[in-house]
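**Student:** If it helps, the file is called input_18.cif and holds mmCIF, N, CA and C atoms and all ligand atoms:
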```
data_run
#
loop_
_atom_site.label_atom_id
_atom_site.label_comp_id
_atom_site.auth_asym_id
_atom_site.auth_seq_id
_atom_site.Cartn_x
_atom_site.Cartn_y
_atom_site.Cartn_z
N MET P 1 -7.31 -22.03 -32.79
CA MET P 1 -7.27 -23.49 -33.04
C MET P 1 -6.26 -24.11 -32.07
N VAL P 2 -6.69 -25.12 -31.34
CA VAL P 2 -5.81 -25.74 -30.36
C VAL P 2 -5.31 -27.06 -30.90
N ARG P 3 -3.98 -27.25 -30.85
CA ARG P 3 -3.37 -28.48 -31.37
C ARG P 3 -3.72 -29.66 -30.46
N PRO P 4 -4.17 -30.80 -31.02
CA PRO P 4 -4.44 -31.96 -30.17
C PRO P 4 -3.13 -32.50 -29.60
N VAL P 5 -3.10 -32.79 -28.29
CA VAL P 5 -1.88 -33.32 -27.69
C VAL P 5 -2.17 -34.72 -27.15
N THR P 6 -1.13 -35.57 -27.15
CA THR P 6 -1.33 -36.96 -26.76
C THR P 6 -0.30 -37.40 -25.73
N GLY P 7 -0.56 -38.56 -25.06
CA GLY P 7 0.39 -39.21 -24.18
C GLY P 7 0.84 -38.37 -23.01
N ARG P 8 2.19 -38.41 -22.75
CA ARG P 8 2.76 -37.70 -21.60
C ARG P 8 2.51 -36.20 -21.70
N SER P 9 2.64 -35.69 -22.93
CA SER P 9 2.42 -34.27 -23.18
C SER P 9 1.00 -33.87 -22.76
N ARG P 10 0.04 -34.77 -23.03
CA ARG P 10 -1.35 -34.48 -22.70
C ARG P 10 -1.54 -34.43 -21.18
N ARG P 11 -0.84 -35.35 -20.48
CA ARG P 11 -0.95 -35.36 -19.01
C ARG P 11 -0.37 -34.07 -18.43
N ILE P 12 0.75 -33.61 -19.02
CA ILE P 12 1.35 -32.36 -18.53
C ILE P 12 0.37 -31.20 -18.73
N VAL P 13 -0.25 -31.15 -19.91
CA VAL P 13 -1.21 -30.08 -20.20
C VAL P 13 -2.37 -30.12 -19.20
N ILE P 14 -2.87 -31.35 -18.88
CA ILE P 14 -4.00 -31.46 -17.95
C ILE P 14 -3.62 -30.92 -16.57
N VAL P 15 -2.41 -31.29 -16.09
CA VAL P 15 -1.96 -30.84 -14.76
C VAL P 15 -1.74 -29.33 -14.76
N VAL P 16 -1.03 -28.82 -15.79
CA VAL P 16 -0.73 -27.38 -15.86
C VAL P 16 -2.04 -26.58 -15.94
N LYS P 17 -2.98 -27.11 -16.74
CA LYS P 17 -4.25 -26.39 -16.90
C LYS P 17 -5.04 -26.38 -15.58
N ALA P 18 -5.03 -27.51 -14.86
CA ALA P 18 -5.73 -27.57 -13.57
C ALA P 18 -5.13 -26.56 -12.59
N LEU P 19 -3.78 -26.47 -12.56
CA LEU P 19 -3.12 -25.50 -11.68
C LEU P 19 -3.45 -24.07 -12.10
N HIS P 20 -3.44 -23.83 -13.43
CA HIS P 20 -3.75 -22.50 -13.97
C HIS P 20 -5.16 -22.09 -13.54
N ILE P 21 -6.12 -23.02 -13.64
CA ILE P 21 -7.50 -22.69 -13.29
C ILE P 21 -7.62 -22.44 -11.78
N ALA P 22 -6.95 -23.30 -10.98
CA ALA P 22 -7.00 -23.12 -9.51
C ALA P 22 -6.43 -21.74 -9.14
N LEU P 23 -5.30 -21.36 -9.77
CA LEU P 23 -4.69 -20.06 -9.48
C LEU P 23 -5.57 -18.91 -9.97
N ALA P 24 -6.32 -19.14 -11.07
CA ALA P 24 -7.22 -18.10 -11.58
C ALA P 24 -8.29 -17.80 -10.53
N TYR P 25 -8.86 -18.86 -9.91
CA TYR P 25 -9.86 -18.65 -8.86
C TYR P 25 -9.22 -17.99 -7.63
N LEU P 26 -7.98 -18.41 -7.33
CA LEU P 26 -7.28 -17.87 -6.15
C LEU P 26 -7.00 -16.38 -6.32
N THR P 27 -6.58 -15.96 -7.53
CA THR P 27 -6.26 -14.54 -7.73
C THR P 27 -7.53 -13.70 -7.58
N VAL P 28 -8.66 -14.21 -8.09
CA VAL P 28 -9.91 -13.44 -7.99
C VAL P 28 -10.35 -13.37 -6.52
N ALA P 29 -10.31 -14.52 -5.82
CA ALA P 29 -10.71 -14.53 -4.40
C ALA P 29 -9.83 -13.57 -3.61
N GLY P 30 -8.52 -13.63 -3.85
CA GLY P 30 -7.58 -12.75 -3.13
C GLY P 30 -7.85 -11.29 -3.44
N PHE P 31 -8.14 -10.99 -4.73
CA PHE P 31 -8.39 -9.60 -5.11
C PHE P 31 -9.66 -9.07 -4.44
N VAL P 32 -10.71 -9.91 -4.42
CA VAL P 32 -11.98 -9.48 -3.81
C VAL P 32 -11.76 -9.19 -2.31
N ILE P 33 -11.05 -10.08 -1.63
CA ILE P 33 -10.81 -9.88 -0.18
C ILE P 33 -9.98 -8.61 0.04
N ARG P 34 -8.89 -8.44 -0.73
CA ARG P 34 -8.05 -7.25 -0.55
C ARG P 34 -8.81 -5.98 -0.92
N GLY P 35 -9.68 -6.09 -1.95
CA GLY P 35 -10.49 -4.93 -2.35
C GLY P 35 -11.39 -4.49 -1.21
N PHE P 36 -12.06 -5.46 -0.55
CA PHE P 36 -12.93 -5.11 0.58
C PHE P 36 -12.11 -4.55 1.73
N TRP P 37 -10.96 -5.14 2.01
CA TRP P 37 -10.11 -4.61 3.10
C TRP P 37 -9.67 -3.19 2.79
N THR P 38 -9.36 -2.93 1.51
CA THR P 38 -8.93 -1.58 1.12
C THR P 38 -10.08 -0.59 1.31
N LEU P 39 -11.28 -0.98 0.85
CA LEU P 39 -12.43 -0.07 0.96
C LEU P 39 -12.81 0.14 2.42
N ALA P 40 -12.59 -0.90 3.24
CA ALA P 40 -12.91 -0.79 4.67
C ALA P 40 -11.76 -0.18 5.46
N GLU P 41 -10.67 0.17 4.75
CA GLU P 41 -9.45 0.73 5.38
C GLU P 41 -8.95 -0.17 6.51
N SER P 42 -9.02 -1.48 6.30
CA SER P 42 -8.56 -2.44 7.30
C SER P 42 -7.03 -2.49 7.36
N PRO P 43 -6.46 -2.56 8.57
CA PRO P 43 -5.00 -2.67 8.69
C PRO P 43 -4.46 -3.99 8.11
N LEU P 44 -5.33 -4.99 7.95
CA LEU P 44 -4.90 -6.28 7.38
C LEU P 44 -4.30 -6.07 5.99
N ARG P 45 -4.82 -5.04 5.28
CA ARG P 45 -4.36 -4.73 3.93
C ARG P 45 -2.85 -4.44 3.91
N GLU P 46 -2.30 -3.96 5.02
CA GLU P 46 -0.89 -3.58 5.06
C GLU P 46 0.03 -4.71 5.51
N GLU P 47 -0.56 -5.85 5.92
CA GLU P 47 0.26 -6.99 6.36
C GLU P 47 1.22 -7.39 5.23
N ARG P 48 2.44 -7.76 5.64
CA ARG P 48 3.47 -8.09 4.64
C ARG P 48 3.03 -9.22 3.71
N TRP P 49 2.47 -10.31 4.30
CA TRP P 49 2.10 -11.46 3.47
C TRP P 49 0.94 -11.12 2.53
N VAL P 50 0.07 -10.18 2.95
CA VAL P 50 -1.06 -9.79 2.10
C VAL P 50 -0.55 -9.02 0.88
N ARG P 51 0.59 -8.31 1.06
CA ARG P 51 1.14 -7.55 -0.07
C ARG P 51 1.95 -8.45 -1.01
N ILE P 52 2.57 -9.51 -0.44
CA ILE P 52 3.46 -10.36 -1.25
C ILE P 52 2.69 -11.48 -1.98
N ALA P 53 1.73 -12.11 -1.26
CA ALA P 53 1.04 -13.30 -1.81
C ALA P 53 0.46 -13.09 -3.23
N PRO P 54 -0.19 -11.94 -3.50
CA PRO P 54 -0.75 -11.78 -4.86
C PRO P 54 0.31 -11.84 -5.96
N HIS P 55 1.52 -11.33 -5.65
CA HIS P 55 2.58 -11.37 -6.68
C HIS P 55 2.98 -12.82 -6.97
N VAL P 56 3.05 -13.63 -5.90
CA VAL P 56 3.43 -15.04 -6.08
C VAL P 56 2.35 -15.75 -6.91
N VAL P 57 1.07 -15.57 -6.50
CA VAL P 57 -0.04 -16.23 -7.20
C VAL P 57 -0.10 -15.79 -8.67
N ASP P 58 0.01 -14.46 -8.90
CA ASP P 58 -0.12 -13.95 -10.27
C ASP P 58 1.04 -14.37 -11.16
N THR P 59 2.25 -14.41 -10.58
CA THR P 59 3.41 -14.83 -11.38
C THR P 59 3.23 -16.29 -11.82
N LEU P 60 2.78 -17.14 -10.87
CA LEU P 60 2.56 -18.55 -11.21
C LEU P 60 1.43 -18.69 -12.23
N LEU P 61 0.33 -17.96 -12.02
CA LEU P 61 -0.82 -18.02 -12.94
C LEU P 61 -0.40 -17.65 -14.36
N LEU P 62 0.33 -16.55 -14.49
CA LEU P 62 0.72 -16.10 -15.83
C LEU P 62 1.77 -17.03 -16.45
N SER P 63 2.71 -17.51 -15.61
CA SER P 63 3.74 -18.42 -16.14
C SER P 63 3.09 -19.70 -16.67
N LEU P 64 2.14 -20.25 -15.89
CA LEU P 64 1.48 -21.48 -16.35
C LEU P 64 0.63 -21.20 -17.59
N GLY P 65 0.05 -20.00 -17.68
CA GLY P 65 -0.69 -19.60 -18.89
C GLY P 65 0.22 -19.61 -20.11
N VAL P 66 1.45 -19.09 -19.92
CA VAL P 66 2.42 -19.07 -21.03
C VAL P 66 2.79 -20.51 -21.41
N VAL P 67 3.02 -21.37 -20.39
CA VAL P 67 3.36 -22.78 -20.67
C VAL P 67 2.23 -23.44 -21.48
N LEU P 68 0.97 -23.18 -21.06
CA LEU P 68 -0.17 -23.76 -21.78
C LEU P 68 -0.21 -23.27 -23.23
N ALA P 69 -0.01 -21.95 -23.39
CA ALA P 69 -0.08 -21.38 -24.75
C ALA P 69 0.99 -22.01 -25.64
N ILE P 70 2.20 -22.23 -25.06
CA ILE P 70 3.28 -22.83 -25.85
C ILE P 70 2.95 -24.29 -26.18
N ARG P 71 2.52 -25.03 -25.13
CA ARG P 71 2.23 -26.47 -25.33
C ARG P 71 1.08 -26.70 -26.31
N LEU P 72 0.05 -25.82 -26.22
CA LEU P 72 -1.12 -26.00 -27.09
C LEU P 72 -0.98 -25.23 -28.41
N GLN P 73 0.17 -24.52 -28.53
CA GLN P 73 0.44 -23.73 -29.74
C GLN P 73 -0.69 -22.74 -30.04
N VAL P 74 -1.06 -21.98 -29.00
CA VAL P 74 -2.06 -20.92 -29.19
C VAL P 74 -1.29 -19.61 -29.34
N SER P 75 -1.54 -18.88 -30.44
CA SER P 75 -0.82 -17.62 -30.67
C SER P 75 -1.37 -16.52 -29.77
N PRO P 76 -0.47 -15.74 -29.13
CA PRO P 76 -0.96 -14.62 -28.30
C PRO P 76 -1.41 -13.42 -29.13
N PHE P 77 -1.21 -13.48 -30.45
CA PHE P 77 -1.51 -12.31 -31.27
C PHE P 77 -2.82 -12.43 -32.05
N SER P 78 -3.48 -13.58 -31.94
CA SER P 78 -4.72 -13.69 -32.69
C SER P 78 -5.82 -14.28 -31.82
N GLY P 79 -7.06 -13.89 -32.08
CA GLY P 79 -8.23 -14.51 -31.47
C GLY P 79 -8.35 -14.32 -29.98
N TRP P 80 -8.81 -15.40 -29.31
CA TRP P 80 -9.23 -15.27 -27.92
C TRP P 80 -8.07 -14.98 -26.97
N LEU P 81 -6.87 -15.51 -27.25
CA LEU P 81 -5.78 -15.27 -26.29
C LEU P 81 -5.37 -13.80 -26.28
N ALA P 82 -5.38 -13.14 -27.48
CA ALA P 82 -5.08 -11.71 -27.53
C ALA P 82 -6.12 -10.94 -26.73
N ALA P 83 -7.41 -11.33 -26.87
CA ALA P 83 -8.49 -10.66 -26.13
C ALA P 83 -8.29 -10.87 -24.63
N LYS P 84 -7.87 -12.08 -24.27
CA LYS P 84 -7.65 -12.40 -22.85
C LYS P 84 -6.52 -11.54 -22.28
N LEU P 85 -5.47 -11.34 -23.07
CA LEU P 85 -4.33 -10.54 -22.60
C LEU P 85 -4.74 -9.07 -22.46
N LEU P 86 -5.62 -8.58 -23.37
CA LEU P 86 -6.11 -7.20 -23.23
C LEU P 86 -6.95 -7.09 -21.95
N GLY P 87 -7.78 -8.13 -21.71
CA GLY P 87 -8.57 -8.17 -20.47
C GLY P 87 -7.67 -8.18 -19.25
N LEU P 88 -6.55 -8.88 -19.37
CA LEU P 88 -5.58 -8.95 -18.26
C LEU P 88 -4.98 -7.57 -17.98
N LEU P 89 -4.64 -6.82 -19.06
CA LEU P 89 -4.10 -5.46 -18.88
C LEU P 89 -5.13 -4.59 -18.16
N ALA P 90 -6.42 -4.72 -18.56
CA ALA P 90 -7.48 -3.94 -17.92
C ALA P 90 -7.60 -4.33 -16.44
N TYR P 91 -7.52 -5.64 -16.15
CA TYR P 91 -7.61 -6.15 -14.76
C TYR P 91 -6.48 -5.57 -13.91
N ILE P 92 -5.25 -5.56 -14.47
CA ILE P 92 -4.10 -5.03 -13.72
C ILE P 92 -4.28 -3.51 -13.51
N GLY P 93 -4.71 -2.80 -14.57
CA GLY P 93 -4.89 -1.34 -14.47
C GLY P 93 -5.95 -0.98 -13.43
N PHE P 94 -7.13 -1.62 -13.54
CA PHE P 94 -8.21 -1.32 -12.58
C PHE P 94 -7.80 -1.75 -11.16
N GLY P 95 -7.07 -2.87 -11.08
CA GLY P 95 -6.62 -3.35 -9.77
C GLY P 95 -5.69 -2.34 -9.11
N THR P 96 -4.78 -1.75 -9.91
CA THR P 96 -3.85 -0.75 -9.38
C THR P 96 -4.62 0.47 -8.89
N VAL P 97 -5.64 0.89 -9.68
CA VAL P 97 -6.46 2.03 -9.27
C VAL P 97 -7.15 1.72 -7.93
N THR P 98 -7.70 0.50 -7.81
CA THR P 98 -8.41 0.13 -6.58
C THR P 98 -7.49 0.25 -5.36
N MET P 99 -6.27 -0.24 -5.50
CA MET P 99 -5.37 -0.30 -4.35
C MET P 99 -4.70 1.05 -4.06
N ARG P 100 -4.50 1.88 -5.12
CA ARG P 100 -3.68 3.09 -4.91
C ARG P 100 -4.46 4.40 -4.85
N ALA P 101 -5.69 4.43 -5.43
CA ALA P 101 -6.41 5.72 -5.50
C ALA P 101 -6.67 6.26 -4.09
N ARG P 102 -6.71 7.59 -3.97
CA ARG P 102 -6.97 8.20 -2.67
C ARG P 102 -8.47 8.34 -2.44
N SER P 103 -9.19 8.68 -3.52
CA SER P 103 -10.63 8.88 -3.36
C SER P 103 -11.37 7.54 -3.31
N ARG P 104 -12.34 7.47 -2.40
CA ARG P 104 -13.11 6.24 -2.23
C ARG P 104 -13.95 5.93 -3.48
N THR P 105 -14.49 6.98 -4.09
CA THR P 105 -15.31 6.79 -5.30
C THR P 105 -14.47 6.16 -6.41
N VAL P 106 -13.24 6.67 -6.57
CA VAL P 106 -12.36 6.13 -7.61
C VAL P 106 -11.98 4.69 -7.28
N LYS P 107 -11.74 4.40 -5.99
CA LYS P 107 -11.43 3.03 -5.57
C LYS P 107 -12.57 2.07 -5.93
N VAL P 108 -13.81 2.50 -5.63
CA VAL P 108 -14.97 1.64 -5.92
C VAL P 108 -15.09 1.43 -7.43
N ALA P 109 -14.87 2.51 -8.21
CA ALA P 109 -14.94 2.39 -9.68
C ALA P 109 -13.87 1.41 -10.17
N GLY P 110 -12.66 1.51 -9.60
CA GLY P 110 -11.57 0.60 -9.98
C GLY P 110 -11.93 -0.84 -9.65
N PHE P 111 -12.53 -1.04 -8.48
CA PHE P 111 -12.91 -2.37 -8.01
C PHE P 111 -13.94 -3.00 -8.98
N VAL P 112 -14.95 -2.21 -9.33
CA VAL P 112 -16.00 -2.70 -10.25
C VAL P 112 -15.38 -3.00 -11.63
N GLY P 113 -14.49 -2.11 -12.09
CA GLY P 113 -13.82 -2.31 -13.38
C GLY P 113 -12.98 -3.58 -13.38
N ALA P 114 -12.25 -3.81 -12.28
CA ALA P 114 -11.40 -5.00 -12.19
C ALA P 114 -12.26 -6.28 -12.20
N LEU P 115 -13.39 -6.24 -11.46
CA LEU P 115 -14.25 -7.43 -11.44
C LEU P 115 -14.84 -7.70 -12.82
N ALA P 116 -15.26 -6.62 -13.51
CA ALA P 116 -15.81 -6.79 -14.86
C ALA P 116 -14.73 -7.37 -15.79
N SER P 117 -13.49 -6.88 -15.64
CA SER P 117 -12.40 -7.37 -16.50
C SER P 117 -12.15 -8.86 -16.28
N VAL P 118 -12.17 -9.27 -15.01
CA VAL P 118 -11.84 -10.67 -14.73
C VAL P 118 -12.99 -11.61 -15.13
N VAL P 119 -14.22 -11.10 -15.05
CA VAL P 119 -15.36 -11.90 -15.54
C VAL P 119 -15.19 -12.10 -17.05
N TYR P 120 -14.78 -11.02 -17.74
CA TYR P 120 -14.55 -11.11 -19.19
C TYR P 120 -13.43 -12.13 -19.49
N ILE P 121 -12.33 -12.07 -18.70
CA ILE P 121 -11.20 -13.01 -18.92
C ILE P 121 -11.69 -14.46 -18.78
N PHE P 122 -12.48 -14.73 -17.72
CA PHE P 122 -13.00 -16.09 -17.51
C PHE P 122 -13.89 -16.50 -18.68
N ALA P 123 -14.77 -15.58 -19.10
CA ALA P 123 -15.71 -15.91 -20.18
C ALA P 123 -14.95 -16.21 -21.48
N VAL P 124 -13.90 -15.40 -21.75
CA VAL P 124 -13.09 -15.62 -22.96
C VAL P 124 -12.37 -16.96 -22.86
N ALA P 125 -11.80 -17.26 -21.65
CA ALA P 125 -11.05 -18.50 -21.46
C ALA P 125 -11.94 -19.73 -21.69
N VAL P 126 -13.15 -19.68 -21.13
CA VAL P 126 -14.04 -20.85 -21.21
C VAL P 126 -14.62 -21.01 -22.63
N SER P 127 -14.99 -19.88 -23.26
CA SER P 127 -15.63 -19.97 -24.59
C SER P 127 -14.61 -20.03 -25.72
N ARG P 128 -13.35 -19.63 -25.39
CA ARG P 128 -12.29 -19.47 -26.40
C ARG P 128 -12.77 -18.60 -27.56
N SER P 129 -13.45 -17.50 -27.17
CA SER P 129 -13.92 -16.54 -28.16
C SER P 129 -13.67 -15.14 -27.61
N PRO P 130 -13.19 -14.21 -28.47
CA PRO P 130 -12.97 -12.85 -27.97
C PRO P 130 -14.28 -12.13 -27.65
N TRP P 131 -15.40 -12.61 -28.20
CA TRP P 131 -16.73 -12.06 -27.88
C TRP P 131 -17.56 -13.18 -27.26
N PRO P 132 -17.40 -13.40 -25.95
CA PRO P 132 -18.00 -14.59 -25.33
C PRO P 132 -19.48 -14.43 -24.98
N PHE P 133 -20.10 -13.27 -25.33
CA PHE P 133 -21.48 -13.02 -24.94
C PHE P 133 -22.42 -13.40 -26.06
N PRO P 134 -23.66 -13.78 -25.72
CA PRO P 134 -24.61 -14.14 -26.77
C PRO P 134 -24.87 -12.93 -27.67
N SER P 135 -24.88 -13.13 -28.99
CA SER P 135 -25.13 -12.00 -29.89
C SER P 135 -26.53 -12.14 -30.48
N GLY P 136 -27.15 -10.97 -30.75
CA GLY P 136 -28.46 -10.94 -31.37
C GLY P 136 -29.60 -11.06 -30.40
C1 LIG K 1 -6.10 -13.25 -14.75
C2 LIG K 1 -5.52 -14.02 -15.66
C3 LIG K 1 -6.09 -15.31 -16.18
C4 LIG K 1 -7.24 -15.98 -15.83
C5 LIG K 1 -8.30 -15.57 -14.82
C6 LIG K 1 -7.28 -17.19 -16.65
C7 LIG K 1 -8.28 -18.14 -16.60
C8 LIG K 1 -8.33 -19.31 -17.34
C9 LIG K 1 -9.31 -20.35 -17.23
C10 LIG K 1 -10.51 -20.33 -16.27
C11 LIG K 1 -9.01 -21.32 -18.14
C12 LIG K 1 -9.76 -22.65 -18.39
C13 LIG K 1 -10.76 -22.50 -19.51
C14 LIG K 1 -11.49 -23.82 -19.74
O1 LIG K 1 -12.51 -24.05 -19.08
O2 LIG K 1 -11.03 -24.60 -20.57
C15 LIG K 1 -7.81 -20.90 -18.83
C16 LIG K 1 -7.19 -21.62 -19.84
C17 LIG K 1 -6.10 -21.17 -20.54
N1 LIG K 1 -5.38 -20.02 -20.33
FE1 LIG K 1 -5.73 -18.65 -18.86
N2 LIG K 1 -6.17 -17.22 -17.46
C18 LIG K 1 -5.42 -16.10 -17.21
C19 LIG K 1 -4.24 -15.73 -17.81
C20 LIG K 1 -3.66 -16.38 -18.89
C21 LIG K 1 -2.48 -15.96 -19.60
C22 LIG K 1 -1.66 -14.70 -19.26
C23 LIG K 1 -2.26 -16.87 -20.60
C24 LIG K 1 -1.18 -16.94 -21.66
C25 LIG K 1 -0.25 -16.05 -21.88
C26 LIG K 1 -3.29 -17.86 -20.52
C27 LIG K 1 -3.43 -18.93 -21.38
C28 LIG K 1 -4.37 -19.93 -21.26
C29 LIG K 1 -4.44 -21.10 -22.14
C30 LIG K 1 -3.52 -21.39 -23.34
C31 LIG K 1 -5.51 -21.88 -21.68
C32 LIG K 1 -5.96 -23.26 -22.23
C33 LIG K 1 -7.07 -23.13 -23.22
C34 LIG K 1 -7.43 -24.48 -23.81
O3 LIG K 1 -7.56 -25.46 -23.08
O4 LIG K 1 -7.62 -24.52 -25.00
N3 LIG K 1 -4.13 -17.54 -19.46
N4 LIG K 1 -7.42 -19.68 -18.33
#
```
I'd like the structure from this file rewritten - as structure tokens, please.
Ligand code: HEM
**Tutor:**
Amino acid sequence: MVRPVTGRSRRIVIVVKALHIALAYLTVAGFVIRGFWTLAESPLREERWVRIAPHVVDTLLLSLGVVLAIRLQVSPFSGWLAAKLLGLLAYIGFGTVTMRARSRTVKVAGFVGALASVVYIFAVAVSRSPWPFPSG
């Protein structure tokens, strides 16, 4: 259940949410590009800015998510936000496997797992349901 917000508080929520969504697309785009560079063994993957930028984007994305949850009074322990955080753990885990595994097969499996996790996170965020898929 999301608390209705009004006035200045509402404007802050709109701006924070817009930034959160923009960063959500940016993290996925960045992950897909780095995933392909990793699979292609491109030297671009080792560039300093390529290694640092995801940390900056992800820290901002998660911080703004926390701000939204506090402002909208959404509990992280119940319903869709808990499901989203579990999806986030899976995304981080699969992402680490993609970037660090030695075997190409394991890297590809990690990449597919990370993409599936982030699709789930988006679906949960938009539907605000822990089971965002049509049932029956
Ligand atoms: C990879 C990580 C994440 C992605 C891809 C993501 C994506 C999104 C997207 C696309 C929306 C907009 C949904 C809509 O259409 O209304 C959203 C909203 C939101 N997200 Fe995230 N998010 C992430 C992480 C987080 C985290 C870590 C938190 C909190 C700890 C969080 C809390 C929220 C909240 C409270 C909203 C607003 C929901 C509402 O308007 O009712 N998100 N997120």
**Student:** Using only N, CA and C atoms and all ligand atoms, what does the table of chain P residues within 5 Å of ligand LIG 1 (chain K) look like, with each row giving the shortest atom pair and its distance in Å to one decimal, sorted by chain and ascending number, as a tab-separated table?
**Tutor:**
```
residue	atom	partner	partner_atom	distance
P:Ile21	CA	K:LIG1	C10	4.8
P:Ala24	CA	K:LIG1	C5	4.3
P:Leu62	CA	K:LIG1	C22	4.4
P:Gly65	C	K:LIG1	C24	3.4
P:Val66	N	K:LIG1	C24	3.8
P:Leu68	C	K:LIG1	C30	3.8
P:Ala69	N	K:LIG1	C30	3.6
P:Ala125	C	K:LIG1	C13	3.7
P:Val126	N	K:LIG1	C13	4.0
```
**Student:** Just to be explicit: take each residue in the selection above, keep N, CA and C atoms, and write the result as a PDB file, keeping the file's coordinate frame.
**Tutor:**
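Okay, this is what ended up in part-v2.pdb:
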```pdb
ATOM      1  N   ILE P  21      -6.120 -23.020 -13.640  1.00  0.00           N
ATOM      2  CA  ILE P  21      -7.500 -22.690 -13.290  1.00  0.00           C
ATOM      3  C   ILE P  21      -7.620 -22.440 -11.780  1.00  0.00           C
ATOM      4  N   ALA P  24      -6.320 -19.140 -11.070  1.00  0.00           N
ATOM      5  CA  ALA P  24      -7.220 -18.100 -11.580  1.00  0.00           C
ATOM      6  C   ALA P  24      -8.290 -17.800 -10.530  1.00  0.00           C
ATOM      7  N   LEU P  62       0.330 -16.550 -14.490  1.00  0.00           N
ATOM      8  CA  LEU P  62       0.720 -16.100 -15.830  1.00  0.00           C
ATOM      9  C   LEU P  62       1.770 -17.030 -16.450  1.00  0.00           C
ATOM     10  N   GLY P  65       0.050 -20.000 -17.680  1.00  0.00           N
ATOM     11  CA  GLY P  65      -0.690 -19.600 -18.890  1.00  0.00           C
ATOM     12  C   GLY P  65       0.220 -19.610 -20.110  1.00  0.00           C
ATOM     13  N   VAL P  66       1.450 -19.090 -19.920  1.00  0.00           N
ATOM     14  CA  VAL P  66       2.420 -19.070 -21.030  1.00  0.00           C
ATOM     15  C   VAL P  66       2.790 -20.510 -21.410  1.00  0.00           C
ATOM     16  N   LEU P  68       0.970 -23.180 -21.060  1.00  0.00           N
ATOM     17  CA  LEU P  68      -0.170 -23.760 -21.780  1.00  0.00           C
ATOM     18  C   LEU P  68      -0.210 -23.270 -23.230  1.00  0.00           C
ATOM     19  N   ALA P  69      -0.010 -21.950 -23.390  1.00  0.00           N
ATOM     20  CA  ALA P  69      -0.080 -21.380 -24.750  1.00  0.00           C
ATOM     21  C   ALA P  69       0.990 -22.010 -25.640  1.00  0.00           C
ATOM     22  N   ALA P 125     -11.800 -17.260 -21.650  1.00  0.00           N
ATOM     23  CA  ALA P 125     -11.050 -18.500 -21.460  1.00  0.00           C
ATOM     24  C   ALA P 125     -11.940 -19.730 -21.690  1.00  0.00           C
ATOM     25  N   VAL P 126     -13.150 -19.680 -21.130  1.00  0.00           N
ATOM     26  CA  VAL P 126     -14.040 -20.850 -21.210  1.00  0.00           C
ATOM     27  C   VAL P 126     -14.620 -21.010 -22.630  1.00  0.00           C
TER      28      VAL P 126
END
```
**Student:** Among chain P, which residues does DSSP mark as alpha helix (DSSP H) when it is run on the backbone? Keep the chain and numbering as in the structure and answer as a ChimeraX atom specification.
**Tutor:** /P:7-39,48-71,79-100,104-127
**Student:** Would you work out the distance separating atom C of Val124 (chain P) from CA of Val108 (chain P), expressed in Å to one decimal?
**Tutor:**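 Atom-to-atom, atom C of Val124 (chain P) to CA of Val108 (chain P), that is 25.3 Å.
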**Student:** Between CA of Ile33 (chain P) and CA of Ala53 (chain P), measure the distance and give it in Å to one decimal.
**Tutor:**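 Between CA of Ile33 (chain P) and CA of Ala53 (chain P) the gap is 12.4 Å.
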**Student:** Have a look at P:Ser117, P:Ser42, P:Thr6, P:Ser63 and name the one nearest to Leu23 (chain P); count only C-alpha atoms.
**Tutor:**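 With only C-alpha atoms as the atom set, the closest residue is P:Ser63.
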**Student:** Rank P:Ala90, P:Met99, P:Pro130, P:Arg8 by their smallest atom-to-atom distance to Leu115 (chain P), using all atoms listed in the file, and report the top residue only.
**Tutor:**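 The closest residue to Leu115 (chain P) is P:Ala90.
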**Student:** Rounded to one decimal place, report the CA of Thr98 (chain P)-atom C of Val32 (chain P) distance in Å.
**Tutor:** 10.8 Å
**Student:** Using only C-alpha atoms, pick whichever of P:Leu89, P:Val119, P:Val97, P:Val5 has the shortest atom-to-atom distance to Ile70 (chain P).
**Tutor:**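 Using only C-alpha atoms, Ile70 (chain P) sits closest to P:Val5.
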**Student:** When you look at Val16 (chain P) with a cut-off of 8 Å (counting only N, CA and C atoms), what residues show up, excluding the ones that are within fewer than 3 positions of it in the same chain? I need them as a list in words.
**Tutor:** Arg10, Arg11, Ile12, Val13, Leu19, His20, Ile21, Ala22, Leu64, Gly65, Val67 and Leu68 of chain P
**Student:** Using all atoms listed in the file, give me every residue within 5 Å of (-9.5, -5.7, -11.0) in file coordinates, as a ChimeraX atom specification.
**Tutor:** /P:91,94-95,113-115
**Student:** So that all listed atoms of region 118-129 of chain P fit with 5 Å spare on each side, what axis-aligned box centre and edge lengths in Å, to one decimal, would you give as lines of an AutoDock Vina configuration file?
**Tutor:**
```
center_x = -13.4
center_y = -15.1
center_z = -21.4
size_x = 14.7
size_y = 21.7
size_z = 23.4
```
**Student:** With distances taken over only C-alpha atoms, which residue among P:Val112, P:Leu72, P:Leu85, P:Ile92 lies nearest Gly35 (chain P)?
**Tutor:** P:Val112
**Student:** With all atoms listed in the file as the atoms that count, which of P:Phe77, P:Arg34, P:Arg71, P:Ser129 lies nearest to Ser9 (chain P)?
**Tutor:**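 Of P:Phe77, P:Arg34, P:Arg71, P:Ser129, the one nearest Ser9 (chain P), counting all atoms listed in the file, is P:Arg71.
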